Amino acid sequence: MPIAAWVHETLGITPNQASVIAFCLGTGAVIAILAGQVGAALWILLLTMCIDGLDGAIAREYNLASKKGKWVDMGLDTANEIMLFFALAFMGYVEVTSAALASIAVILIRIIRDKSGFDPGLKRAILFLGYFTSFEFALQIIFFANIASFAIGTVIADYALQKKNDGEES
């Protein structure tokens with residue numbers, strides 16, 4: 001990926017640094033929501049998502065992937081998503097219950113993701129839909145998609161464990 005190469009080679013940015021930069025920008029989106037600037041927040045969020053995609057691209061391209069880096073990225077992404085949900089709730093765009101349920105669903109999918117290899121992604125991207133419909137609707141989609149994905153991921157992880165256990169018994 002030419003952009004990842006340029007960012008890493010020219011700017012010297014590591015995957016973890018890209019994750020932290022994306023998190024900081026995402027925090028800027030949260031601040032924009034709290035300032036009542038939802039349109040600006042979505043532009044910042046778009047930039048956040050672009051930079052967030054670079055961490056993995058740099059890690060793969062330069063063989064810098066690590067378990068710690070994956071956890072840093074996932075942890076910062078999850079924290080950012082939860083902050084966005086609750087910023088929307090604080091400003092009255094969504095119910096607090098919806099923000100809490102979407103947050104729980106996002107955490108659950110992150111927990112099972114390593115064992116199943118399954119994650120629907122697009123958590124923050126769905127917020128763009130909310131701008132044109134309602135953020136309440138967007139958080140409901142995030143909740144249901146991630147709860148369904150958690151259930152699917154649990155089945156996948158259980159199947160893999162059963163297959164492994166069956167292989168050990170023979």
# chains A, B, ... in the order shown; residues from 1 in each chain; ligands from 1

$ residues_around --residues "range 146-159 of chain A" --least-positions-apart "3" --cutoff "6 Å" --atoms "only C-alpha atoms" --output "ChimeraX atom specification"
/A:105,109,115-116,118,142-143,162

$ select_by_dssp --residues "range 39-143 of chain A" --states "helix (DSSP H, G or I)" --output "PyMOL selection string"
chain A and resi 39-61+67-90+96-116+126-132+135-143

$ write_last_selection --atoms "C-alpha atoms" --output "PDB file, in the first residue's frame"
ATOM      1  CA  GLY A  39     -21.066  17.477  10.905  1.00  0.00           C
ATOM      2  CA  ALA A  40     -17.478  18.385  11.814  1.00  0.00           C
ATOM      3  CA  ALA A  41     -17.333  15.350  14.097  1.00  0.00           C
ATOM      4  CA  LEU A  42     -18.205  13.068  11.185  1.00  0.00           C
ATOM      5  CA  TRP A  43     -15.484  14.596   8.994  1.00  0.00           C
ATOM      6  CA  ILE A  44     -12.984  14.063  11.812  1.00  0.00           C
ATOM      7  CA  LEU A  45     -14.308  10.537  12.248  1.00  0.00           C
ATOM      8  CA  LEU A  46     -13.761   9.844   8.537  1.00  0.00           C
ATOM      9  CA  LEU A  47     -10.140  10.980   8.868  1.00  0.00           C
ATOM     10  CA  THR A  48      -9.825   8.883  12.036  1.00  0.00           C
ATOM     11  CA  MET A  49     -10.994   5.768  10.223  1.00  0.00           C
ATOM     12  CA  CYS A  50      -8.572   6.355   7.343  1.00  0.00           C
ATOM     13  CA  ILE A  51      -5.621   6.705   9.694  1.00  0.00           C
ATOM     14  CA  ASP A  52      -6.827   3.769  11.772  1.00  0.00           C
ATOM     15  CA  GLY A  53      -6.627   1.620   8.659  1.00  0.00           C
ATOM     16  CA  LEU A  54      -2.963   2.497   8.272  1.00  0.00           C
ATOM     17  CA  ASP A  55      -1.815   0.806  11.475  1.00  0.00           C
ATOM     18  CA  GLY A  56      -2.597  -2.666  10.206  1.00  0.00           C
ATOM     19  CA  ALA A  57      -1.351  -1.878   6.707  1.00  0.00           C
ATOM     20  CA  ILE A  58       2.003  -0.665   8.063  1.00  0.00           C
ATOM     21  CA  ALA A  59       2.246  -3.651  10.408  1.00  0.00           C
ATOM     22  CA  ARG A  60       1.619  -6.151   7.602  1.00  0.00           C
ATOM     23  CA  GLU A  61       3.758  -4.380   4.999  1.00  0.00           C
ATOM     24  CA  LYS A  67      -0.042  -9.313  19.664  1.00  0.00           C
ATOM     25  CA  LYS A  68       0.592  -6.216  21.796  1.00  0.00           C
ATOM     26  CA  GLY A  69       0.043  -3.943  18.784  1.00  0.00           C
ATOM     27  CA  LYS A  70      -3.201  -5.700  17.971  1.00  0.00           C
ATOM     28  CA  TRP A  71      -4.395  -5.168  21.553  1.00  0.00           C
ATOM     29  CA  VAL A  72      -3.340  -1.510  21.505  1.00  0.00           C
ATOM     30  CA  ASP A  73      -5.289  -0.959  18.291  1.00  0.00           C
ATOM     31  CA  MET A  74      -8.362  -2.873  19.469  1.00  0.00           C
ATOM     32  CA  GLY A  75      -8.346  -1.215  22.881  1.00  0.00           C
ATOM     33  CA  LEU A  76      -8.050   2.302  21.487  1.00  0.00           C
ATOM     34  CA  ASP A  77     -10.683   1.639  18.815  1.00  0.00           C
ATOM     35  CA  THR A  78     -13.090   0.242  21.388  1.00  0.00           C
ATOM     36  CA  ALA A  79     -12.504   3.138  23.789  1.00  0.00           C
ATOM     37  CA  ASN A  80     -13.074   5.598  20.973  1.00  0.00           C
ATOM     38  CA  GLU A  81     -16.284   3.900  19.872  1.00  0.00           C
ATOM     39  CA  ILE A  82     -17.655   3.901  23.415  1.00  0.00           C
ATOM     40  CA  MET A  83     -16.737   7.569  23.892  1.00  0.00           C
ATOM     41  CA  LEU A  84     -18.561   8.419  20.659  1.00  0.00           C
ATOM     42  CA  PHE A  85     -21.673   6.526  21.734  1.00  0.00           C
ATOM     43  CA  PHE A  86     -21.802   8.240  25.114  1.00  0.00           C
ATOM     44  CA  ALA A  87     -21.051  11.672  23.642  1.00  0.00           C
ATOM     45  CA  LEU A  88     -24.120  11.192  21.460  1.00  0.00           C
ATOM     46  CA  ALA A  89     -26.101  10.211  24.561  1.00  0.00           C
ATOM     47  CA  PHE A  90     -24.800  13.176  26.558  1.00  0.00           C
ATOM     48  CA  VAL A  96     -28.116   6.358  27.406  1.00  0.00           C
ATOM     49  CA  THR A  97     -29.452   2.800  27.323  1.00  0.00           C
ATOM     50  CA  SER A  98     -28.748   2.601  23.589  1.00  0.00           C
ATOM     51  CA  ALA A  99     -25.196   3.870  24.105  1.00  0.00           C
ATOM     52  CA  ALA A 100     -24.659   1.328  26.887  1.00  0.00           C
ATOM     53  CA  LEU A 101     -26.088  -1.596  24.896  1.00  0.00           C
ATOM     54  CA  ALA A 102     -24.063  -0.713  21.792  1.00  0.00           C
ATOM     55  CA  SER A 103     -20.951  -0.447  23.977  1.00  0.00           C
ATOM     56  CA  ILE A 104     -21.556  -3.840  25.575  1.00  0.00           C
ATOM     57  CA  ALA A 105     -22.118  -5.434  22.171  1.00  0.00           C
ATOM     58  CA  VAL A 106     -18.880  -3.918  20.843  1.00  0.00           C
ATOM     59  CA  ILE A 107     -16.959  -5.212  23.870  1.00  0.00           C
ATOM     60  CA  LEU A 108     -18.452  -8.689  23.449  1.00  0.00           C
ATOM     61  CA  ILE A 109     -17.424  -8.927  19.795  1.00  0.00           C
ATOM     62  CA  ARG A 110     -13.912  -7.783  20.699  1.00  0.00           C
ATOM     63  CA  ILE A 111     -13.709 -10.531  23.330  1.00  0.00           C
ATOM     64  CA  ILE A 112     -14.668 -13.353  20.949  1.00  0.00           C
ATOM     65  CA  ARG A 113     -12.870 -11.962  17.882  1.00  0.00           C
ATOM     66  CA  ASP A 114      -9.479 -13.558  18.622  1.00  0.00           C
ATOM     67  CA  LYS A 115     -11.014 -16.979  19.165  1.00  0.00           C
ATOM     68  CA  SER A 116     -13.353 -16.862  16.173  1.00  0.00           C
ATOM     69  CA  ILE A 126     -22.597   3.103  10.856  1.00  0.00           C
ATOM     70  CA  LEU A 127     -22.652   6.475  12.631  1.00  0.00           C
ATOM     71  CA  PHE A 128     -22.623   8.149   9.207  1.00  0.00           C
ATOM     72  CA  LEU A 129     -25.995   6.501   8.562  1.00  0.00           C
ATOM     73  CA  GLY A 130     -27.209   8.061  11.791  1.00  0.00           C
ATOM     74  CA  TYR A 131     -26.510  11.535  10.459  1.00  0.00           C
ATOM     75  CA  PHE A 132     -28.996  10.939   7.643  1.00  0.00           C
ATOM     76  CA  PHE A 135     -28.232   8.204  15.630  1.00  0.00           C
ATOM     77  CA  GLU A 136     -30.624   6.125  17.723  1.00  0.00           C
ATOM     78  CA  PHE A 137     -31.277   3.929  14.668  1.00  0.00           C
ATOM     79  CA  ALA A 138     -27.536   3.713  13.959  1.00  0.00           C
ATOM     80  CA  LEU A 139     -26.781   2.551  17.515  1.00  0.00           C
ATOM     81  CA  GLN A 140     -29.539  -0.038  17.292  1.00  0.00           C
ATOM     82  CA  ILE A 141     -27.908  -1.396  14.119  1.00  0.00           C
ATOM     83  CA  ILE A 142     -24.523  -1.440  15.872  1.00  0.00           C
ATOM     84  CA  PHE A 143     -26.049  -3.277  18.840  1.00  0.00           C
TER      85      PHE A 143
END

$ atom_distance --atom1 "CA of Ala29 in chain A" --atom2 "CA of Gly12 in chain A"
25.0 Å

$ atom_distance --atom1 "CA of Ala160 in chain A" --atom2 "CA of Phe144 in chain A"
24.1 Å
